[in-house]
Amino acid sequence: METTANGHMLPAEPSSHYSVLTNPEIGPFVARCTGCQARYPGPWVIQQGAPMPFDWAR
């Protein structure tokens, strides 16, 4: 799975819970299947160690 943040693709993974950023009620991100781009329906998180999605942080 993947998500887009500030124009950068980030790896995402299924989880037993949402994070603050991935909670659909308050967060801005949506996870999609890397292959077919279908929206992931369950809880998910951005993979630990993923690069920060801000150009200034790279």
# chains A, B, ... in the order shown; residues from 1 in each chain; ligands from 1
$ residues_around --residues "Val20 of chain A" --least-positions-apart "6" --cutoff "10 Å" --atoms "only C-alpha atoms" --output "number ranges by chain"
A: 26-29, 45
$ residues_around --residues "segment 31-43 of chain A" --least-positions-apart "2" --cutoff "6 Å" --atoms "only C-alpha atoms" --output "ChimeraX atom specification"
/A:1-3,15,17-18
$ write_last_selection --atoms "N, CA and C atoms" --output "mmCIF file, in the first residue's frame"
data_model
loop_
_atom_site.group_PDB
_atom_site.id
_atom_site.type_symbol
_atom_site.label_atom_id
_atom_site.label_comp_id
_atom_site.auth_asym_id
_atom_site.auth_seq_id
_atom_site.Cartn_x
_atom_site.Cartn_y
_atom_site.Cartn_z
ATOM 1 N N MET A 1 0.852 -1.178 0.000
ATOM 2 C CA MET A 1 0.000 0.000 0.000
ATOM 3 C C MET A 1 0.889 1.228 0.000
ATOM 4 N N GLU A 2 0.275 2.342 -0.360
ATOM 5 C CA GLU A 2 1.001 3.604 -0.378
ATOM 6 C C GLU A 2 0.051 4.758 -0.082
ATOM 7 N N THR A 3 0.624 5.883 0.267
ATOM 8 C CA THR A 3 -0.139 7.103 0.465
ATOM 9 C C THR A 3 0.686 8.248 -0.105
ATOM 10 N N SER A 15 -2.837 -2.062 9.838
ATOM 11 C CA SER A 15 -2.553 -1.977 11.264
ATOM 12 C C SER A 15 -3.820 -2.309 12.052
ATOM 13 N N HIS A 17 -4.762 -0.356 14.304
ATOM 14 C CA HIS A 17 -5.227 0.963 14.734
ATOM 15 C C HIS A 17 -4.812 2.020 13.700
ATOM 16 N N TYR A 18 -5.440 3.161 13.758
ATOM 17 C CA TYR A 18 -5.037 4.304 12.937
ATOM 18 C C TYR A 18 -4.025 5.139 13.719
#
$ select_by_dssp --residues "chain A" --states "strand (DSSP E)" --output "VMD selection string"
chain A and resid 2 to 5 8 to 14 44 to 46
